[in-house]
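Asker: Below is a structure I'd like to ask you about.
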Amino acid sequence: MAREQERRGDRGRRPGGHRGGGKPRVDARRVALGALYDVLYKGAFAQLALGRALEGTRVSEEDRRLATNLFYTAVEHRLQLEYYLGRFVSEKPDNVVMAILLLSAAQLLYMDKIPDFAVVNEAAKLTRSFGFEGQTGFVNGVLRSFARARDAGELVPPDEVEHPVAHLSIVHSMPEALIERLIAAHGLEFTRAMLAFTPDGHSETIRPNFARYTPERFETYLQGRGWDYEKTPVEGAFSVRGQGNLALDRDFAAGEFSVQSAPSLLAAQAVMVRPGMTVLDACAAPGGKAAAMAESMGGTGRVYAWDVHAHRVDILSAVARRLGLDNLRPAVRDAAVLREGMLNEMDAVLLDAPCSGLGVLGNKPDAKFRYVDAKVDELVDLQKRLLDTVCQYVRPGGALVYSTCTVLPEENAAQVRAFLASHPEFHLAPFPVPEAYLSGLEDGMLALYPHIHGCEGFFIARMERDG
């Protein structure tokens with residue numbers, strides 16, 4: 001992998017690697033470094049990379065939290081950190097060393113509870129432990145220079161007036177091509193405000209199992225558990241604080257509640273299910289919307305939940321078991337391929353389409369680094385094909401709900417308008433929208449933006465087929 005490691009006969013070793021049986025006990029920085037290396041140089045997705053790094057080692061709960069914080073801070077601010085480090089690195093070092101510098105710079109710039117000397121010392125230890133003894137002085141010097149420049153206020157982005165795109169790119173660690181596309185769609189000021197919005201990273205949104213609780217009864221349940229919570233604008237969705245990993249909660253495992261964002265729940269509510277309906281969630285994994293609809297029908301009817309990937313259908317099946325939903329029917333299906341036997345059979349179809357995900361970058365900070373214009377164009381084409389296919393399952397008088405978690409109009413309103421132009425048998429129809437989100441309604445379609453509505457970026461349109 002690296003030249004000096006190869007000279008030492010240590011080929012193929014990567015940060016976080018381990019020889020021998022059993023799980024090694026390692027510290028937080030080594031775990032974070034291994035995951036960061038996989039994201040930077042092996043194209044891994046952030047959540048999966050960190051999960052693998054944590055599963056492959058024995059770490060204390062405190063170190064698990066620190067490793068997670070270190071890793072995501074470095075991933076989220078990657079472009080900015082590379083830009084600032086560029087002042088002190090004239091020639092790019094080996095990948096392992098560069099990953100160590102990025103992880104350490106993230107600590108120096110964003111994690112002030114860790115003393116500078118500790119950050120520098122730990123970086124030198126890591127560098128040495130991977131066989132780069134000759135570069136410990138280099139790492140030490142770069143990080144000390146970085147810290148001095150930080151204290152002197154010398155770590156600054158490009159000029160905001162002269163280079164607005166480059167400025168936003170470095171401030172928000174986002175590729176310039178993506179900045180340019182957002183500006184083209186929404187204008188400079190709107191884009192600047194949207195990118196500047198900082199979500200509350202200390203809360204998580206949950207909702208009850210609607211087959212067991214009304215929103216009112218679930219609020220009583222939350223009070224009984226002594227949780228710090230508040231209602232969101234979406235009925236049944238509650239923001240909770242300080243509960244750690246809710247997936248490990250005993251009542252979550254027992255199916256009492258699910259973790260789901262308010263806009264995602266609203267998309268399911270836009271289907272307006274009733275007992276006994278037959279519904280298709282065409283791109284259902286990980287299953288929050290399909291489950292909410294199945295629960296709301298009280299065990300009646302059917303919610304067919306499709307995904308093209310078998311491992312994601314396994315997730316849907318696990319959701320159905322956890323929540324006790326016999327009326328939720330997962331299956332491996334490619335929603336872009338027409339199934340003749342289902343024509344005109346569905347009371348409603350929900351298409352939460354594959355999209356660029358630019359509304360949920362706070363949850364997936366590595367997604368912005370995967371952005372390319374051509375990929376969005378491919379997604380727009382896929383969304384069109386999916387709409388053209390699944391609309392054929394809607395019976396006369398039935399509904400088609402289209403949703404995304406992006407903020408690009410070509411994936412949202414423009415996509416719906418193009419669909420309606422080629423499918424005159426469908427028309428836009430109203431659905432319940434919370435008062436706090438009403439400003440996002442335009443021509444019957446709902447577009448939510450983080451800085452305006454205080455939630456993830458999302459789009460929802462309900463269309464009904466003429467009877």
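FYI, nothing fancy with the structure tokens labels: chains A, B, ... in order, residues from 1 per chain, ligands from 1 as they appear.
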May I have the residues within 12 Å of Gly226 (chain A) as a list in words, using only C-alpha atoms and disregarding those fewer than 4 positions away in the same chain?
Answerer: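 Here the answer would be Glu219, Thr220, Tyr221, Leu222, Val240, Arg241, Gly242 and Gln243 of chain A.
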Asker: Quick one: write out the picked residues with N, CA and C atoms as a short mmCIF file (atom, residue, chain, number, x, y, z; two decimals), in the first residue's frame?
Answerer:
data_model
loop_
_atom_site.label_atom_id
_atom_site.label_comp_id
_atom_site.auth_asym_id
_atom_site.auth_seq_id
_atom_site.Cartn_x
_atom_site.Cartn_y
_atom_site.Cartn_z
N GLU A 219 -47.46 10.14 23.56
CA GLU A 219 -46.89 11.24 24.34
C GLU A 219 -46.92 10.90 25.82
N THR A 220 -47.99 10.26 26.27
CA THR A 220 -48.06 9.80 27.66
C THR A 220 -46.98 8.77 27.95
N TYR A 221 -46.74 7.88 26.98
CA TYR A 221 -45.66 6.90 27.10
C TYR A 221 -44.31 7.60 27.26
N LEU A 222 -44.04 8.61 26.44
CA LEU A 222 -42.77 9.33 26.52
C LEU A 222 -42.61 10.01 27.88
N VAL A 240 -36.63 13.57 20.21
CA VAL A 240 -36.17 13.19 21.55
C VAL A 240 -34.68 13.46 21.66
N ARG A 241 -34.24 13.72 22.90
CA ARG A 241 -32.85 14.06 23.16
C ARG A 241 -32.24 13.14 24.21
N GLY A 242 -30.96 12.90 24.06
CA GLY A 242 -30.18 12.30 25.13
C GLY A 242 -30.46 10.84 25.40
N GLN A 243 -30.95 10.09 24.41
CA GLN A 243 -31.28 8.68 24.65
C GLN A 243 -30.28 7.71 24.04
#
Asker: If we count only C-alpha atoms, what is near region 424-437 of chain A at a cut-off of 6 Å, once residues fewer than 5 positions away on the same chain are taken out, given as a PyMOL selection string?
Answerer: chain A and resi 233+270+462-466
Asker: Since we have the selection now, will you write its residues out, keeping all heavy atoms, as a CSV table (one decimal), in the first residue's frame?
Answerer:
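Wrote it out as result-v5.csv, contents follow:
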chain,number,residue,atom,x,y,z
A,233,PRO,N,-43.7,19.3,13.7
A,233,PRO,CA,-44.9,19.8,13.0
A,233,PRO,C,-45.8,18.6,12.5
A,233,PRO,O,-47.0,18.8,12.3
A,233,PRO,CB,-44.4,20.6,11.9
A,233,PRO,CG,-43.1,21.1,12.4
A,233,PRO,CD,-42.5,20.0,13.2
A,270,ALA,N,-49.2,11.2,3.3
A,270,ALA,CA,-49.7,11.8,2.1
A,270,ALA,C,-50.5,10.7,1.3
A,270,ALA,O,-51.3,11.1,0.4
A,270,ALA,CB,-48.6,12.5,1.3
A,462,ARG,N,-48.8,14.5,-4.3
A,462,ARG,CA,-49.8,13.5,-4.3
A,462,ARG,C,-50.6,13.7,-5.6
A,462,ARG,O,-51.1,14.8,-5.9
A,462,ARG,CB,-50.8,13.6,-3.2
A,462,ARG,CG,-52.0,12.6,-3.3
A,462,ARG,CD,-53.0,12.8,-2.1
A,462,ARG,NE,-54.2,12.0,-2.3
A,462,ARG,CZ,-54.4,10.8,-1.9
A,462,ARG,NH1,-53.5,10.2,-1.2
A,462,ARG,NH2,-55.6,10.2,-2.1
A,463,MET,N,-50.7,12.7,-6.4
A,463,MET,CA,-51.5,12.7,-7.7
A,463,MET,C,-52.6,11.6,-7.6
A,463,MET,O,-52.3,10.5,-7.1
A,463,MET,CB,-50.5,12.5,-8.9
A,463,MET,CG,-49.5,13.6,-9.0
A,463,MET,SD,-48.1,13.1,-10.1
A,463,MET,CE,-47.1,12.1,-9.0
A,464,GLU,N,-53.7,12.0,-8.2
A,464,GLU,CA,-54.8,11.0,-8.2
A,464,GLU,C,-55.2,10.7,-9.7
A,464,GLU,O,-55.1,11.6,-10.5
A,464,GLU,CB,-56.0,11.5,-7.4
A,464,GLU,CG,-55.7,11.7,-5.9
A,464,GLU,CD,-56.9,12.2,-5.2
A,464,GLU,OE1,-58.0,12.5,-5.8
A,464,GLU,OE2,-56.8,12.3,-3.9
A,465,ARG,N,-55.6,9.5,-9.9
A,465,ARG,CA,-56.0,9.0,-11.2
A,465,ARG,C,-57.5,9.3,-11.4
A,465,ARG,O,-58.3,8.9,-10.5
A,465,ARG,CB,-55.6,7.6,-11.4
A,465,ARG,CG,-56.0,7.1,-12.8
A,465,ARG,CD,-55.5,5.6,-13.0
A,465,ARG,NE,-55.9,5.1,-14.4
A,465,ARG,CZ,-55.7,3.9,-14.8
A,465,ARG,NH1,-55.2,3.0,-14.0
A,465,ARG,NH2,-56.2,3.6,-16.0
A,466,ASP,N,-57.9,9.8,-12.5
A,466,ASP,CA,-59.3,10.0,-12.8
A,466,ASP,C,-60.1,8.7,-12.7
A,466,ASP,O,-59.6,7.7,-13.2
A,466,ASP,CB,-59.5,10.7,-14.2
A,466,ASP,CG,-58.8,12.0,-14.3
A,466,ASP,OD1,-58.6,12.7,-13.2
A,466,ASP,OD2,-58.5,12.4,-15.4
Asker: Please list as number ranges by chain every residue within 10 Å of region 168-174 of chain A, counting only C-alpha atoms and excluding residues in the same chain fewer than 2 positions away.
Answerer: A: 75-84, 156-160, 163-166, 176-180, 188, 191-192, 195-196, 365-369, 371
Asker: What is the distance, in Å and to one decimal place, between CA of Pro215 (chain A) and CA of Ala237 (chain A)?
Answerer: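 Computing it gives 8.1 Å between the two atoms.
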Asker: Using backbone DSSP assignments, extract all helix (DSSP H, G or I) residues from region 86-334 of chain A; output them as a PyMOL selection string.
Answerer: chain A and resi 95-110+116-129+133-151+164-171+176-186+188-196+215-225+246-248+250-253+262-269+288-296+310-323
Asker: A:Val234, A:Val259, A:Ala282, A:Leu358: which is nearest Arg370 (chain A), counting only C-alpha atoms?
Answerer: A:Leu358
Asker: If we count only C-alpha atoms, what is near Thr232 (chain A) at a cut-off of 10 Å, once residues fewer than 3 positions away on the same chain are taken out, given as a JSON list (two decimals) with N, CA, C and O atoms, in the first residue's frame?
Answerer:
[["chain", "number", "residue", "atom", "x", "y", "z"],
["A", 205, "THR", "N", -35.61, 11.80, 15.74],
["A", 205, "THR", "CA", -37.06, 11.81, 15.60],
["A", 205, "THR", "C", -37.59, 10.39, 15.61],
["A", 205, "THR", "O", -37.09, 9.52, 14.89],
["A", 206, "ILE", "N", -38.61, 10.17, 16.43],
["A", 206, "ILE", "CA", -39.24, 8.86, 16.51],
["A", 206, "ILE", "C", -40.74, 9.01, 16.34],
["A", 206, "ILE", "O", -41.29, 10.11, 16.46],
["A", 229, "TYR", "N", -38.45, 15.40, 25.24],
["A", 229, "TYR", "CA", -39.01, 15.33, 23.90],
["A", 229, "TYR", "C", -39.77, 16.60, 23.56],
["A", 229, "TYR", "O", -40.10, 17.40, 24.45],
["A", 235, "GLU", "N", -47.84, 15.26, 12.78],
["A", 235, "GLU", "CA", -48.54, 14.55, 13.84],
["A", 235, "GLU", "C", -47.97, 13.14, 14.01],
["A", 235, "GLU", "O", -47.84, 12.37, 13.06],
["A", 236, "GLY", "N", -47.63, 12.82, 15.25],
["A", 236, "GLY", "CA", -47.10, 11.50, 15.56],
["A", 236, "GLY", "C", -45.59, 11.43, 15.57],
["A", 236, "GLY", "O", -45.04, 10.42, 16.02],
["A", 237, "ALA", "N", -44.90, 12.44, 15.10],
["A", 237, "ALA", "CA", -43.44, 12.45, 15.10],
["A", 237, "ALA", "C", -42.94, 13.32, 16.25],
["A", 237, "ALA", "O", -43.36, 14.47, 16.41],
["A", 238, "PHE", "N", -42.03, 12.76, 17.06],
["A", 238, "PHE", "CA", -41.52, 13.44, 18.24],
["A", 238, "PHE", "C", -39.99, 13.49, 18.19],
["A", 238, "PHE", "O", -39.35, 12.49, 17.85],
["A", 239, "SER", "N", -39.44, 14.62, 18.54],
["A", 239, "SER", "CA", -38.00, 14.79, 18.62],
["A", 239, "SER", "C", -37.57, 14.51, 20.04],
["A", 239, "SER", "O", -38.08, 15.11, 21.00],
["A", 261, "SER", "N", -37.76, 10.26, 10.33],
["A", 261, "SER", "CA", -37.82, 11.71, 10.29],
["A", 261, "SER", "C", -39.25, 12.18, 10.04],
["A", 261, "SER", "O", -40.08, 11.45, 9.48],
["A", 262, "ALA", "N", -39.51, 13.41, 10.44],
["A", 262, "ALA", "CA", -40.86, 13.97, 10.26],
["A", 262, "ALA", "C", -41.25, 14.05, 8.79],
["A", 262, "ALA", "O", -42.38, 13.66, 8.42],
["A", 263, "PRO", "N", -40.40, 14.56, 7.88],
["A", 263, "PRO", "CA", -40.81, 14.60, 6.47],
["A", 263, "PRO", "C", -41.04, 13.22, 5.87],
["A", 263, "PRO", "O", -41.94, 13.04, 5.05],
["A", 434, "PRO", "N", -48.82, 20.11, 7.53],
["A", 434, "PRO", "CA", -48.78, 20.88, 8.78],
["A", 434, "PRO", "C", -48.64, 22.37, 8.51],
["A", 434, "PRO", "O", -48.01, 22.79, 7.53],
["A", 436, "ALA", "N", -46.82, 24.54, 9.85],
["A", 436, "ALA", "CA", -45.43, 25.00, 9.83],
["A", 436, "ALA", "C", -44.75, 24.77, 8.48],
["A", 436, "ALA", "O", -43.72, 25.36, 8.19],
["A", 454, "GLY", "N", -36.71, 23.94, 9.03],
["A", 454, "GLY", "CA", -36.06, 23.33, 10.18],
["A", 454, "GLY", "C", -36.02, 21.82, 10.16],
["A", 454, "GLY", "O", -35.95, 21.17, 11.21],
["A", 455, "CYS", "N", -36.06, 21.25, 8.97],
["A", 455, "CYS", "CA", -36.03, 19.79, 8.83],
["A", 455, "CYS", "C", -35.18, 19.45, 7.61],
["A", 455, "CYS", "O", -34.68, 20.33, 6.93]]
Asker: For Pro286 (chain A), list every protein, DNA or RNA residue within 9 Å, evaluated using only C-alpha atoms, and leave out those in the same chain fewer than 6 positions away; present the list as a PyMOL selection string.
Answerer: chain A and resi 312-313+315-316+319
Asker: I'd like the interatomic distance between CA of Trp306 (chain A) and CA of Ala331 (chain A), to a tenth of an Å.
Answerer: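 Between CA of Trp306 (chain A) and CA of Ala331 (chain A) the gap is 5.1 Å.
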Asker: So that I can check the surroundings of Ile100 (chain A), please list as an NGL selection string every protein, DNA and RNA residue that reaches within 12 Å of it, counting only C-alpha atoms and ignoring chain neighbours fewer than 2 positions away.
Answerer: :A and (15 or 29-37 or 40 or 70-71 or 74 or 81-82 or 85 or 93-98 or 102-107 or 119-130 or 132 or 135-136 or 138-140 or 142-143)
Asker: I need the residues in region 175-404 of chain A that are strand (DSSP E or B) according to DSSP; give them as a PyMOL selection string.
Answerer: chain A and resi 203-208+228-231+238-241+257-259+278-281+302-307+328-332+346-352+394-404
Asker: So which one's closest to Arg207 (chain A), A:Leu50, A:Ala291, A:Ala44, A:Leu386? Using only C-alpha atoms, please.
Answerer: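 Looking at the shortest contact to Arg207 (chain A), the residue is A:Ala291.
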Asker: Quick check, in Å to one decimal: how far apart do CA of Leu343 (chain A) and CA of Val390 (chain A) lie?
Answerer: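 Separation of CA of Leu343 (chain A) and CA of Val390 (chain A): 8.9 Å.
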Asker: Tell me which of A:Gly153, A:Gly440, A:Gly86, A:Gly187 sits closest to Leu109 (chain A), counting only C-alpha atoms.
Answerer: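 Among the listed residues, A:Gly153 lies closest to Leu109 (chain A).
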